[in-house]
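Heads up, the thing below is written out as structure tokens.
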Amino acid sequence: MATTTATRPAPKKGRTPKGRTPKRAFRPRTLVITACAWLLAAVFLAPYLEMIVTALRPKEELRDRTYLPQNLEWANFIDVWKESELGQNLQVTLVVAGGATLLVLLVSLPAAYYTARMRYRGRKLFLLLVLVTQMFQPTALLVGLYREFHQLDMLNSVWTLILTNAAFNLAFAVWILTAYISSIPPELEEAAMVDGTSRFGAMIKVTLPLALPGVVTAVIFTFITSWNEFVMGLTLTTEPDKQPLTVGISNFIGNYTVQWNYLFAASVVAIVPVIVLFAFIERHVVSGLTAGSVK
Amino acid sequence: MRTDTRVAKPPPSKKRAEPEAPPKPANGLLLCLAFLLPPGLTPRRVRYDRRYRTLDKYRFIVGFLAVPLAFYALFVVSPFLQAIYYSFTDWSGGPVANFIGFDNYRKMWDDERFWDSLEVSALLLVIAPLLTLVLGMFFAYMITAGGRHRRGQAIAGVVGSSFYKVVYFFPQVLSVAIIAVVWGRVLNTNSGLINGGLEKVGVDGPAWLGGDHALGVLSLLTVISWSFVGFYVVLFSAAMGAIPKDIHEAALLDGAGRARTFFSVTLPLIWDTVRTGWIYMGIQALDTFAICLVMVPSHVLKVTPVFLYERFRDGQYGYATSIGVVLLVLSMVFSLIVMRAGNRDRIEY
């Protein structure tokens with residue numbers, strides 16, 4: 001399989017000996033590889049299709065084994081909106097994700113800037129702390145956090161979820177922003193300061209615009225993970241209308257029957273914003289994700 | 001770098017307005033107030049004080065570093081320390097928490113349900129990283145080096161590689177709760193996608209989540225790999241892309257095929273990334289919670305975090321935290337083992 005590529009420098013018999021590779025005819029190997037790749041991609045995509053199709057299935061056809069329903073029931077979306085707390089859940093999730101993102105940005109940007117620019121005592125320790133606490137599983141922190149918020153009488157409050165989500169995403173944001181800011185030469189700032197700006201001005205006007213891709217990545221990532229957060233929403237909120245969307249969706253799975261069409265209509269509502277955001281910054285995420293980790 | 005240029009040149013017009021030549025040293029109270037004022041509003045008398053410089057430095061530290069640290073201490077470190085403390089108590093939600101020593105841990109040791117859950121978690125811990133990383137590496141290699149030579153490049157990805165990257169990565173941005181419900185439907189015995197497909201070829205599909213232990217673990221592994229593989233595809237293809245092209249070209253010139261190139265050149269060069277990914281994936285596998293809780297009926301099997309959650313729901317907070325502590329210790333031990341075992345000489349390029 002691999003020999004054809006390996007012998008590329010040595011021209012094959014019957015082919016042009018020099019210059020550009022000639023237009024090759026259809027080769028069975030390429031065809032097989034492409035087919036496999038498409039098949040794999042299809043396997044990976046199938047669950048989404050199933051979700052969308054089921055969201056549009058009428059109630060009577062839910063048990064059918066056909067891949068596509070005979071009739072499309074758009075009213076599923078309206079029904080699920082009316083009959084469940086989807087609206088409130090969506091609102092909670094929006095506020096939580098937005099608030100946590102803002103908070104993370106406000107807190108992590110200065111910390112990352114300071115860590116990237118200054119050599120202070122305990123700098124390594126700080127970075128290590130950030131990295132180690134990334135390893136803490138949320139389930140292990142669950143009781144501690146529950147007790148903390150129980151004492152503050154803040155269970156079922158949006159603030160609780162904003163604070164916990166922000167705290168969980170802080171490490172990643174600090175880490176990635178530190179990596180980004182470190183890669184910007186400090187001489188640029190020094191030049192601006194020689195020209196009369198303050199350190200703060202240099203940070204805002206010089207470093208921040210250059211670090212913008214990193215900031216965007218951190219922001220979007222925080223937003224998406226807060227949007228998707230499940231464990232804390234499940235444990236720190238108990239009233240159905242105060243719960244975030246992910247918990248609301250999982251509540252659809254009752255003990256005996258599952259209303260799959262409603263369940264998936266709600267899921268579609270929950271993932272549309274994520275798809276839109278992800279499409280916007282897909283390039284940033286895919287490159288920004290690695291900026292922090294590979295370096 | 002630390003010199004403060006703001007103070008250097010006051011505008012000349014102002015100088016005429018207040019002609020005090022050497023500004024009087026500010027008193028302590030003013031200095032304290034200046035701590036909260038932005039430099040523009042601080043009186044010059046204070047700004048010219050020798051101590052203002054130190055103050056400015058500390059202000060920088062407090063504003064930039066102390067707030068994040070406090071935040072972190074309150075919501076990550078403190079719950080963690082509390083968890084350790086409460087794992088030695090019998091706290092069950094009331095105002096009283098009695099210190100009971102290692103009783104929770106002893107209870108855990110004798111609890112068969114705990115060992116059953118740990119068995120599943122251990123299986124996930126061992127198999128999930130292996131499966132996910134191998135798949136991720138394969139896809140990443142195909143994406144960066146699997147294609148035919150085009151436009152004179154020796155190394156190229158398969159056609160449409162960025163499309164595949166997005167397809168594989170996408171589950172990573174979905175909520176685990178949604179992943180769990182979607183797969184719950186796909187794996188459903190009667191109306192699921194998989195059994196529907198099996199029926200078409202004449203096979204009666206098994207009840208994936210219906211009671212068989214092994215099938216349950218298999219289902220969990222499938223879902224975990226499906227949802228995490230994209231992250232590693234992106235991670236590994238970035239690491240592979242960072243390898244200079246001429247190294248691959250040299251391997252090709254020497255007659256190495258794709259497989260040989262991968263094992264002798266690519267893998268050793270990205271080994272550091274692989275090891276990091278291994279640790280991360282292991283921790284993720286040990287932390288499988290929502291997928292199991294939402295997707296798998298609780299009588300079939302549970303992973304340890306679900307067992308913990310059930311104790312939490314029953315109000316056995318002390319017992320639940322001790323399980324959490326054990327989970328944390330397990331993931332640290334796992335990280336250390338992989339770190340040690342995967343320690344090779346770093347190859348620089």
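Within each chain, counting starts at residue 1; across the structure tokens, chains are named A, B, ... in the order shown, with ligands numbered 1 upward in that order.
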
In stretch 99-281 of chain A, what's alpha helix (DSSP H) per DSSP? Answer as number ranges by chain?
A: 99-117, 123-133, 138-151, 158-182, 186-194, 199-202, 208-210, 212-228, 231-236, 245-250, 260-281

Write out as a PyMOL selection string every residue belonging to chain B that has an atom at most 7 Å from any atom of chain A, counting only C-alpha atoms.
chain B and resi 1+5-6+64-65+67-68+71-72+75-76+79-80+82-83+164+167-168+173-175+177-178+182-183+186+191+196+234-235+238-239+252-253+255-258+287+294+305+317+321+324-325+328

Hey, can you spit out that residue selection with N, CA and C atoms as a short mmCIF file (atom, residue, chain, number, x, y, z; two decimals), in the first residue's frame?
data_model
loop_
_atom_site.label_atom_id
_atom_site.label_comp_id
_atom_site.auth_asym_id
_atom_site.auth_seq_id
_atom_site.Cartn_x
_atom_site.Cartn_y
_atom_site.Cartn_z
N MET B 1 11.93 48.39 32.40
CA MET B 1 10.52 48.09 32.17
C MET B 1 9.63 48.55 33.29
N THR B 5 6.64 55.88 33.28
CA THR B 5 6.84 57.07 32.47
C THR B 5 5.78 58.12 32.70
N ARG B 6 4.67 57.69 33.29
CA ARG B 6 3.58 58.64 33.50
C ARG B 6 4.01 59.84 34.32
N PHE B 64 -4.09 42.47 39.76
CA PHE B 64 -3.91 41.53 38.66
C PHE B 64 -3.84 40.09 39.11
N LEU B 65 -3.36 39.90 40.33
CA LEU B 65 -3.09 38.52 40.71
C LEU B 65 -3.91 38.06 41.89
N VAL B 67 -6.92 38.95 42.97
CA VAL B 67 -8.33 38.66 42.71
C VAL B 67 -8.51 37.28 42.08
N PRO B 68 -7.77 36.98 41.01
CA PRO B 68 -7.89 35.62 40.48
C PRO B 68 -7.57 34.55 41.50
N PHE B 71 -10.38 34.15 44.03
CA PHE B 71 -11.48 33.49 43.34
C PHE B 71 -11.25 31.99 43.27
N TYR B 72 -10.03 31.69 42.90
CA TYR B 72 -9.63 30.31 42.75
C TYR B 72 -9.65 29.59 44.08
N PHE B 75 -13.38 28.88 45.19
CA PHE B 75 -14.28 27.98 44.48
C PHE B 75 -13.63 26.71 43.95
N VAL B 76 -12.32 26.62 44.02
CA VAL B 76 -11.69 25.37 43.60
C VAL B 76 -10.90 24.75 44.74
N PRO B 79 -13.28 24.07 48.19
CA PRO B 79 -14.12 22.87 48.16
C PRO B 79 -13.30 21.59 48.21
N PHE B 80 -12.13 21.67 47.63
CA PHE B 80 -11.27 20.50 47.61
C PHE B 80 -10.78 20.16 49.03
N GLN B 82 -12.19 21.17 51.79
CA GLN B 82 -13.38 20.77 52.56
C GLN B 82 -13.72 19.31 52.29
N ALA B 83 -13.58 18.92 51.03
CA ALA B 83 -13.91 17.54 50.68
C ALA B 83 -13.04 16.58 51.49
N TYR B 164 -12.96 16.93 7.69
CA TYR B 164 -12.93 15.81 8.63
C TYR B 164 -12.58 16.29 10.03
N VAL B 167 -15.63 17.58 11.57
CA VAL B 167 -16.59 16.50 11.87
C VAL B 167 -16.18 15.76 13.13
N TYR B 168 -14.91 15.45 13.25
CA TYR B 168 -14.47 14.70 14.42
C TYR B 168 -14.48 15.57 15.67
N VAL B 173 -17.76 20.07 21.35
CA VAL B 173 -18.46 21.28 21.75
C VAL B 173 -19.90 21.00 22.15
N LEU B 174 -20.29 19.73 22.13
CA LEU B 174 -21.65 19.40 22.58
C LEU B 174 -21.65 19.14 24.08
N SER B 175 -22.79 19.36 24.68
CA SER B 175 -22.90 19.04 26.10
C SER B 175 -22.93 17.53 26.29
N ALA B 177 -24.58 15.99 28.36
CA ALA B 177 -25.97 15.57 28.56
C ALA B 177 -26.63 15.26 27.22
N ILE B 178 -26.36 16.10 26.24
CA ILE B 178 -26.97 15.88 24.93
C ILE B 178 -26.35 14.65 24.25
N VAL B 182 -28.61 11.52 23.00
CA VAL B 182 -28.59 11.10 21.59
C VAL B 182 -28.16 9.65 21.47
N TRP B 183 -27.10 9.31 22.19
CA TRP B 183 -26.64 7.92 22.10
C TRP B 183 -27.60 6.96 22.78
N VAL B 186 -29.72 6.19 19.94
CA VAL B 186 -29.04 5.40 18.90
C VAL B 186 -28.87 3.96 19.35
N SER B 191 -35.94 0.89 18.93
CA SER B 191 -36.05 1.87 17.85
C SER B 191 -34.72 2.52 17.53
N GLY B 196 -31.59 -1.00 14.21
CA GLY B 196 -32.31 -0.88 12.95
C GLY B 196 -31.45 -1.32 11.78
N VAL B 234 -7.25 16.96 16.55
CA VAL B 234 -6.75 18.33 16.40
C VAL B 234 -5.38 18.47 17.08
N LEU B 235 -5.28 17.93 18.29
CA LEU B 235 -4.03 18.03 19.04
C LEU B 235 -2.87 17.38 18.28
N ALA B 238 -1.89 19.05 14.98
CA ALA B 238 -1.08 20.25 15.21
C ALA B 238 0.36 19.86 15.52
N ALA B 239 0.52 18.83 16.37
CA ALA B 239 1.88 18.39 16.72
C ALA B 239 2.60 17.85 15.49
N LEU B 252 10.87 9.58 3.36
CA LEU B 252 10.31 9.07 2.11
C LEU B 252 11.41 8.74 1.11
N LEU B 253 12.41 9.62 1.06
CA LEU B 253 13.52 9.39 0.13
C LEU B 253 14.26 8.11 0.46
N GLY B 255 13.00 5.57 1.41
CA GLY B 255 12.18 4.43 1.04
C GLY B 255 11.23 3.94 2.09
N ALA B 256 10.99 4.76 3.10
CA ALA B 256 10.05 4.33 4.14
C ALA B 256 8.62 4.55 3.67
N GLY B 257 7.78 3.60 3.95
CA GLY B 257 6.38 3.75 3.60
C GLY B 257 5.66 4.57 4.65
N ARG B 258 4.33 4.69 4.48
CA ARG B 258 3.58 5.52 5.42
C ARG B 258 3.64 4.94 6.82
N ASP B 287 -13.53 10.23 35.01
CA ASP B 287 -14.52 11.22 35.41
C ASP B 287 -15.83 11.07 34.63
N VAL B 294 -27.01 9.52 32.54
CA VAL B 294 -28.17 9.79 31.71
C VAL B 294 -28.46 8.62 30.77
N PRO B 305 -18.05 7.73 39.71
CA PRO B 305 -18.68 9.04 39.96
C PRO B 305 -20.20 8.97 40.08
N TYR B 317 -23.38 12.71 52.72
CA TYR B 317 -22.36 13.60 52.18
C TYR B 317 -20.95 13.18 52.57
N THR B 321 -18.03 12.29 49.87
CA THR B 321 -16.74 12.97 49.71
C THR B 321 -15.57 12.00 49.79
N GLY B 324 -15.05 10.69 46.55
CA GLY B 324 -14.41 11.71 45.71
C GLY B 324 -12.92 11.78 45.95
N VAL B 325 -12.52 11.69 47.22
CA VAL B 325 -11.09 11.74 47.53
C VAL B 325 -10.37 10.55 46.90
N LEU B 328 -9.87 11.19 43.28
CA LEU B 328 -8.77 12.14 43.04
C LEU B 328 -7.41 11.47 43.17
#

For B:Ile291, find every residue with an atom within 12 Å (counting only C-alpha atoms), except residues of its own chain fewer than 6 positions away, and show them as JSON, numbers by chain.
{"A": [230, 231, 250], "B": [175, 176, 177, 178, 179, 180, 181, 182, 183, 184, 216, 217, 219, 220, 221, 222, 223, 224, 225, 226, 227, 284, 285, 297, 298, 302, 303, 305, 306]}

For atom CA of A:Phe280 and atom CA of B:Pro171, quote the distance in Å rounded to one decimal.
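Distance between the two atoms: 16.3 Å.
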